[in-house]
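Below: run14.txt (compact mmCIF, C-alpha atoms)
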```txt
# COMPACT_ATOMS: atom_id res chain seq x y z
CA MET A 18 14.33 -43.79 44.92
CA PHE A 19 10.68 -44.57 45.53
CA ARG A 20 9.22 -45.73 48.83
CA LYS A 21 6.74 -48.58 48.54
CA LYS A 22 5.19 -50.45 51.45
CA VAL A 23 4.67 -54.20 51.01
CA PRO A 24 1.07 -55.04 52.06
CA HIS A 25 0.75 -56.80 55.41
CA MET A 26 -0.84 -60.26 55.35
CA ALA A 27 -2.99 -60.16 58.47
CA ASP A 28 -4.06 -63.80 58.16
CA ASN A 29 -0.54 -65.05 58.83
CA GLU A 30 1.10 -64.15 62.15
CA ASN A 31 4.52 -65.13 60.79
CA ILE A 32 4.48 -62.37 58.17
CA THR A 33 6.32 -59.17 59.04
CA GLU A 34 5.50 -55.87 57.35
CA LEU A 35 8.43 -54.36 55.46
CA GLU A 36 9.00 -50.96 53.89
CA LEU A 37 11.21 -51.04 50.79
CA LEU A 38 13.13 -48.40 48.86
CA LEU A 39 13.02 -49.36 45.19
CA SER A 40 14.83 -47.80 42.26
CA TYR A 41 12.62 -46.65 39.41
CA ASP A 42 13.54 -49.52 37.08
CA ILE A 43 12.81 -52.17 39.74
CA LEU A 44 9.53 -50.48 40.64
CA THR A 45 8.55 -50.43 36.96
CA GLN A 46 9.34 -54.14 36.61
CA LEU A 47 7.48 -54.94 39.83
CA THR A 48 4.40 -53.01 38.71
CA GLY A 49 4.48 -54.67 35.29
CA THR A 50 4.73 -58.12 36.84
CA MET A 51 1.82 -57.36 39.17
CA GLU A 52 -0.34 -56.27 36.23
CA ARG A 53 0.68 -59.25 34.10
CA THR A 54 0.27 -61.94 36.75
CA GLY A 55 -2.34 -60.57 39.12
CA CYS A 56 0.03 -61.32 42.02
CA SER A 57 0.47 -58.87 44.88
CA ALA A 58 3.70 -56.96 45.47
CA ALA A 59 4.16 -58.95 48.68
CA ALA A 60 3.94 -62.28 46.87
CA ILE A 61 6.40 -61.25 44.17
CA VAL A 62 8.91 -59.81 46.65
CA GLU A 63 8.63 -62.90 48.85
CA GLN A 64 9.33 -65.21 45.91
CA ALA A 65 12.34 -63.13 44.86
CA LEU A 66 13.76 -63.09 48.38
CA ARG A 67 13.11 -66.80 48.85
CA GLN A 68 14.97 -67.54 45.63
CA PHE A 69 17.93 -65.37 46.65
CA LEU A 70 18.17 -66.36 50.30
CA CYS A 71 17.19 -70.03 50.26
CA LYS A 72 19.25 -70.92 47.22
CA LYS A 73 22.23 -68.65 47.85
CA GLY A 74 25.45 -70.63 47.63
CA GLU A 75 23.69 -73.77 46.42
CA GLY A 76 22.64 -72.93 42.90
CA ASN A 77 19.07 -73.18 41.71
CA ALA A 78 17.44 -76.60 41.46
CA VAL A 79 14.59 -78.31 39.67
CA TYR A 80 12.38 -79.70 42.43
CA LEU A 81 10.22 -82.80 41.92
CA SER A 82 7.65 -83.37 44.64
CA ALA A 83 7.72 -87.09 43.77
CA PRO A 84 9.23 -89.32 41.05
CA ILE A 85 6.98 -89.36 38.01
CA ASN A 86 6.98 -93.15 37.88
CA ALA A 87 4.75 -93.07 40.99
CA LEU A 88 2.22 -91.15 38.88
CA VAL A 89 2.57 -93.70 36.08
CA GLU A 90 1.67 -96.42 38.61
CA GLY A 91 -1.57 -94.59 39.40
CA LEU A 92 -0.65 -92.94 42.70
CA TYR A 93 -2.76 -89.81 42.34
CA VAL A 94 -3.10 -88.83 46.01
CA GLU A 95 -0.19 -87.43 48.00
CA ASN A 96 0.11 -84.99 50.91
CA THR A 97 2.23 -82.26 49.26
CA THR A 98 0.40 -78.93 49.44
CA ILE A 99 0.58 -76.20 46.83
CA ALA A 100 2.11 -73.97 49.52
CA GLU A 101 4.97 -76.46 49.86
CA VAL A 102 5.40 -76.64 46.09
CA LYS A 103 5.72 -72.84 45.89
CA GLU A 104 8.49 -72.88 48.48
CA HIS A 105 10.63 -74.57 45.82
CA GLY A 106 9.83 -72.42 42.79
CA ASP A 107 7.80 -69.79 40.99
CA PHE A 108 7.69 -71.63 37.67
CA GLY A 109 6.73 -75.14 36.65
CA LEU A 110 4.05 -77.70 35.97
CA GLY A 111 2.42 -80.83 37.36
CA THR A 112 -1.04 -82.02 38.33
CA PHE A 113 -3.40 -82.16 41.32
CA ASN A 114 -4.67 -84.89 43.60
CA TYR A 115 -6.89 -87.37 41.76
CA LEU A 116 -5.19 -86.22 38.55
CA ASP A 117 -7.64 -83.32 38.48
CA GLY A 118 -6.30 -81.31 35.55
CA GLU A 119 -3.01 -79.79 34.44
CA MET A 120 -0.95 -77.54 36.69
CA LEU A 121 0.97 -74.50 35.48
CA LEU A 122 3.01 -72.36 37.88
CA LEU A 123 3.85 -69.07 36.21
CA ASP A 124 5.26 -65.90 37.80
CA GLY A 125 4.59 -67.38 41.24
CA LYS A 126 0.89 -68.12 40.62
CA VAL A 127 -0.56 -71.62 40.27
CA TYR A 128 -3.19 -72.26 37.59
CA GLN A 129 -5.39 -75.36 37.42
CA ILE A 130 -6.54 -76.27 33.90
CA ARG A 131 -9.33 -78.81 34.24
CA SER A 132 -10.73 -81.20 31.66
CA ASP A 133 -13.10 -78.52 30.34
CA GLY A 134 -10.08 -76.50 29.21
CA ASN A 135 -10.83 -73.67 31.61
CA VAL A 136 -8.49 -72.21 34.23
CA TYR A 137 -9.41 -72.25 37.92
CA ASP A 138 -7.95 -70.61 41.00
CA VAL A 139 -5.93 -72.80 43.35
CA GLY A 140 -5.63 -72.42 47.10
CA ASP A 141 -2.38 -73.08 48.95
CA GLU A 142 -4.08 -75.90 50.85
CA GLU A 143 -4.77 -77.91 47.68
CA LYS A 144 -2.53 -80.96 47.19
CA SER A 145 -0.50 -82.46 44.38
CA PRO A 146 0.84 -85.97 43.67
CA PHE A 147 3.43 -84.58 41.25
CA ALA A 148 4.93 -81.16 40.57
CA CYS A 149 8.11 -80.07 38.81
CA VAL A 150 9.17 -76.52 39.67
CA THR A 151 12.12 -74.13 39.85
CA PHE A 152 12.82 -70.43 40.35
CA PHE A 153 12.90 -69.10 36.80
CA SER A 154 15.68 -66.73 35.83
CA PRO A 155 16.51 -67.27 32.16
CA ASP A 156 20.13 -67.31 31.04
CA THR A 157 19.28 -66.50 27.41
CA PHE A 158 16.52 -64.96 25.31
CA ASP A 159 15.99 -65.74 21.63
CA ASP A 160 13.41 -64.29 19.26
CA ILE A 161 12.03 -66.53 16.51
CA ASP A 162 9.84 -65.67 13.53
CA GLY A 163 7.78 -68.82 13.79
CA ALA A 164 7.59 -72.59 14.03
CA SER A 165 5.33 -74.77 11.89
CA GLY A 166 4.52 -77.51 14.37
CA VAL A 167 5.81 -79.06 17.57
CA SER A 168 8.52 -80.98 15.72
CA ASP A 169 9.78 -77.70 14.23
CA LEU A 170 9.63 -76.03 17.65
CA ASN A 171 11.52 -78.93 19.23
CA ALA A 172 14.19 -78.59 16.56
CA VAL A 173 14.55 -74.90 17.41
CA LEU A 174 14.83 -75.73 21.11
CA ASP A 175 17.35 -78.49 20.36
CA ASN A 176 19.58 -75.87 18.75
CA LEU A 177 19.25 -73.53 21.73
CA ILE A 178 20.19 -75.96 24.49
CA PRO A 179 23.94 -76.69 24.63
CA SER A 180 23.66 -80.27 25.93
CA LYS A 181 20.93 -82.93 26.11
CA ASN A 182 22.41 -84.21 29.36
CA MET A 183 21.30 -81.21 31.41
CA LEU A 184 18.05 -79.83 32.85
CA TYR A 185 16.49 -76.69 31.38
CA ALA A 186 13.50 -74.52 32.29
CA ILE A 187 11.84 -73.08 29.18
CA ARG A 188 9.35 -70.26 28.71
CA ILE A 189 7.98 -69.25 25.30
CA ASP A 190 5.85 -66.10 25.05
CA GLY A 191 4.36 -65.38 21.66
CA VAL A 192 1.56 -65.29 19.12
CA PHE A 193 0.20 -68.62 17.94
CA SER A 194 -1.71 -69.34 14.75
CA TYR A 195 -2.83 -72.62 16.24
CA VAL A 196 -2.53 -74.51 19.51
CA ARG A 197 -3.87 -77.94 20.38
CA CYS A 198 -3.93 -78.94 24.04
CA ARG A 199 -5.29 -81.67 26.25
CA ALA A 200 -6.26 -81.71 29.92
CA VAL A 201 -6.38 -84.92 31.89
CA PRO A 202 -9.76 -85.67 33.55
CA ARG A 203 -10.15 -86.38 37.25
CA SER A 204 -9.47 -90.03 37.98
CA GLU A 205 -9.73 -92.42 40.86
CA ASN A 206 -6.56 -93.41 42.64
CA TYR A 207 -4.63 -96.53 41.49
CA ARG A 208 -5.86 -96.41 37.91
CA PRO A 209 -2.73 -96.66 35.69
CA LEU A 210 -1.87 -93.42 33.91
CA VAL A 211 -2.24 -94.96 30.44
CA GLU A 212 -5.86 -95.86 31.26
CA ALA A 213 -6.64 -92.58 33.02
CA THR A 214 -5.47 -90.55 30.00
CA LYS A 215 -7.09 -92.74 27.35
CA ASP A 216 -10.01 -90.40 26.63
CA GLN A 217 -8.57 -86.97 27.35
CA PRO A 218 -10.53 -83.94 26.11
CA VAL A 219 -8.67 -81.99 23.42
CA PHE A 220 -8.94 -78.23 22.80
CA ASP A 221 -8.01 -76.13 19.76
CA PHE A 222 -7.13 -72.44 19.91
CA HIS A 223 -6.65 -70.17 16.88
CA ASP A 224 -4.85 -66.83 16.53
CA VAL A 225 -4.08 -66.49 20.21
CA ARG A 226 -1.36 -64.89 22.28
CA GLY A 227 -0.07 -67.01 25.12
CA CYS A 228 2.73 -68.74 26.93
CA LEU A 229 4.31 -72.18 26.83
CA ALA A 230 6.15 -73.17 29.98
CA GLY A 231 7.95 -76.30 31.05
CA PHE A 232 11.17 -78.24 31.05
CA TYR A 233 13.65 -80.31 29.10
CA THR A 234 14.68 -83.45 30.98
CA PRO A 235 17.43 -85.83 29.81
CA ALA A 236 16.34 -89.30 28.70
CA PHE A 237 18.32 -91.00 31.46
CA MET A 238 16.06 -89.35 34.08
CA GLU A 239 12.84 -90.84 32.70
CA SER A 240 11.94 -92.60 35.97
CA LEU A 241 12.03 -89.22 37.72
CA ASN A 242 10.49 -86.83 35.20
CA ALA A 243 8.96 -86.87 31.72
CA PRO A 244 11.93 -87.07 29.30
CA GLY A 245 12.44 -84.54 26.52
CA PHE A 246 10.43 -81.33 26.20
CA HIS A 247 7.33 -81.12 28.43
CA LEU A 248 5.30 -77.92 27.98
CA HIS A 249 1.96 -76.59 29.17
CA PHE A 250 0.07 -73.74 27.47
CA LEU A 251 -1.76 -70.78 28.98
CA ASP A 252 -3.49 -68.14 26.88
CA GLY A 253 -2.84 -64.45 27.34
CA ASP A 254 -6.05 -63.92 29.31
CA ARG A 255 -5.10 -66.74 31.72
CA ARG A 256 -8.49 -68.37 31.09
CA HIS A 257 -7.72 -71.42 28.93
CA GLY A 258 -4.89 -73.83 28.29
CA GLY A 259 -3.62 -77.36 28.75
CA HIS A 260 -0.82 -79.79 28.04
CA LEU A 261 0.71 -78.97 24.64
CA ILE A 262 0.03 -81.42 21.82
CA GLU A 263 0.59 -79.30 18.71
CA CYS A 264 1.13 -75.67 17.79
CA THR A 265 2.04 -73.25 15.02
CA LEU A 266 3.90 -70.15 16.14
CA LYS A 267 3.86 -66.81 14.34
CA GLU A 268 6.47 -65.15 16.51
CA ALA A 269 7.85 -65.70 19.98
CA ARG A 270 10.54 -64.95 22.53
CA ILE A 271 12.14 -68.01 24.11
CA GLY A 272 13.74 -67.81 27.54
CA ILE A 273 15.91 -70.73 28.61
CA GLN A 274 17.52 -71.40 31.97
CA HIS A 275 20.06 -74.12 32.64
CA VAL A 276 19.36 -75.60 36.08
CA PRO A 277 22.38 -77.43 37.53
CA ARG A 278 20.73 -79.33 40.36
CA LEU A 279 17.84 -81.75 40.89
CA GLU A 280 15.95 -82.24 44.16
CA VAL A 281 13.47 -85.10 44.49
CA GLY A 282 10.92 -85.49 47.26
CA LEU A 283 10.06 -89.04 48.31
CA PRO A 284 6.52 -89.19 49.74
CA VAL A 285 5.97 -91.01 53.02
CA THR A 286 2.42 -92.17 52.28
CA LEU A 287 1.66 -95.88 52.59
CA ASP A 288 0.85 -96.08 48.88
CA TYR A 289 4.26 -94.79 47.88
CA LEU A 290 6.18 -96.86 50.41
CA THR A 291 4.57 -100.12 49.27
CA VAL A 292 4.12 -99.71 45.50
CA ASP A 293 6.14 -101.88 43.11
CA MET A 294 7.30 -99.52 40.36
CA VAL A 295 7.76 -102.06 37.59
CA ARG A 296 6.29 -100.31 34.56
CA ASP A 297 8.30 -98.94 31.65
CA THR A 298 7.96 -95.28 32.58
CA GLY A 299 9.14 -93.92 29.23
CA LYS A 300 6.78 -96.01 27.11
CA ASP A 301 3.80 -95.43 29.39
CA LEU A 302 4.37 -91.67 29.41
CA GLU A 303 4.65 -91.70 25.62
CA LYS A 304 1.30 -93.50 25.37
CA ALA A 305 -0.29 -91.07 27.83
CA GLU A 306 0.89 -88.13 25.71
CA LYS A 307 -0.99 -89.39 22.63
```
Here is a file; write its structure as structure tokens.
Amino acid sequence: MFRKKVPHMADNENITELELLLSYDILTQLTGTMERTGCSAAAIVEQALRQFLCKKGEGNAVYLSAPINALVEGLYVENTTIAEVKEHGDFGLGTFNYLDGEMLLLDGKVYQIRSDGNVYDVGDEEKSPFACVTFFSPDTFDDIDGASGVSDLNAVLDNLIPSKNMLYAIRIDGVFSYVRCRAVPRSENYRPLVEATKDQPVFDFHDVRGCLAGFYTPAFMESLNAPGFHLHFLDGDRRHGGHLIECTLKEARIGIQHVPRLEVGLPVTLDYLTVDMVRDTGKDLEKAEK
């Protein structure tokens, strides 16, 4: 057994310093995760404990900070902080207030991919109008030799999920011959999503290692979350990425987690309480994707 002290967070009086005894294999995994993600040991341990303690007996859930049809209506300002989002998961995606770029939550760390295609740090006090997150613990791993396009990749994923009526968290780590992404530009509130995404910058990456992360959502949930496969990309250096448009995979490992529960937050802002959500969410999201 190895003795490792979790660093004390002096800026938060509610944090208690703990001393842990870790077996060698757990210590090795913890160290590897710290090196891969840049997260502290304290942050990783806290996320693991939160997942175990808060969800014990309930089963893991996909958490939506708001229904996605509110985003489609142009409600880009809500009061949900990134700190609150992370209480519900260490893995997921979404966006930021004023639709300021793509969000990717990976290994407990939030990345903001702005309309220049670059990744920026995010503080816990930042806010989001929409986030979809869970605690990621894959049920299965599958290695694939490649996929020649998003349609081919979707076909592979279709064969790996046992039912299209369930929610799944999906992570794909691999080597890509080609990736095309977009990142939504900052927009004023109330501008419909179809208009706000009309002139999205597009980025191409070649011969790059990286990660795709996101969810599969059943079609009947389209007013709550984007239906089908919804994936965001982050390169291996954690410096560039975006919402996936197209890709060609050389090789990859796919981790899939079935998530049996859905939790939806309903904002209490005046905008949300008074909006008339009359748009065809599915069609508008499909237009925004193009």
Show me, as a tab-separated table, the residues of segment 133-153 of chain A having an atom within 8 Å of segment 89-105 of chain A, each with the closest atom pair and its distance in Å, using all atoms listed in the file.
```
residue	atom	partner	partner_atom	distance
A:Gly140	CA	A:Ile99	CA	7.3
A:Asp141	CA	A:Ala100	CA	4.6
A:Glu142	CA	A:Thr98	CA	5.6
A:Glu143	CA	A:Thr98	CA	5.6
A:Lys144	CA	A:Thr98	CA	4.2
A:Ser145	CA	A:Thr97	CA	5.6
A:Pro146	CA	A:Glu95	CA	4.7
A:Ala148	CA	A:Val102	CA	7.1
A:Val150	CA	A:His105	CA	6.6
A:Thr151	CA	A:His105	CA	6.2
A:Phe152	CA	A:His105	CA	7.2
```
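Between atom CA of Leu279 of chain A and atom CA of Leu184 of chain A lies a distance of 8.3 Å.
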key: Within 10 Å of file point (-8.3, -96.9, 42.4), counting all atoms listed in the file, expressed as a PyMOL selection string   = chain A and resi 91-93+115+204-209
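Straight-line separation from atom CA of Ser40 of chain A to atom CA of Ala59 of chain A: 16.7 Å.
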key: Test item: residues at most 6 Å from segment 213-222 of chain A, all atoms listed in the file, excluding those fewer than 2 positions along its chain, as a PyMOL selection string   = chain A and resi 195-199+201+210-211+305
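Excluding Ser165 of chain A and any residue on its chain fewer than 2 positions from it, the residues at most 8 Å away by only C-alpha atoms are Gly163, Val167, Ser168, Asp169, Leu170, Cys264, Thr265 and Leu266 of chain A.
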key: Nearest to Ala83 of chain A by atom-to-atom distance, counting all atoms listed in the file, from A:Val295, A:Cys56, A:Leu290, A:Val225   =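 Ranking A:Val295, A:Cys56, A:Leu290, A:Val225 by distance to Ala83 of chain A, first place goes to A:Leu290.
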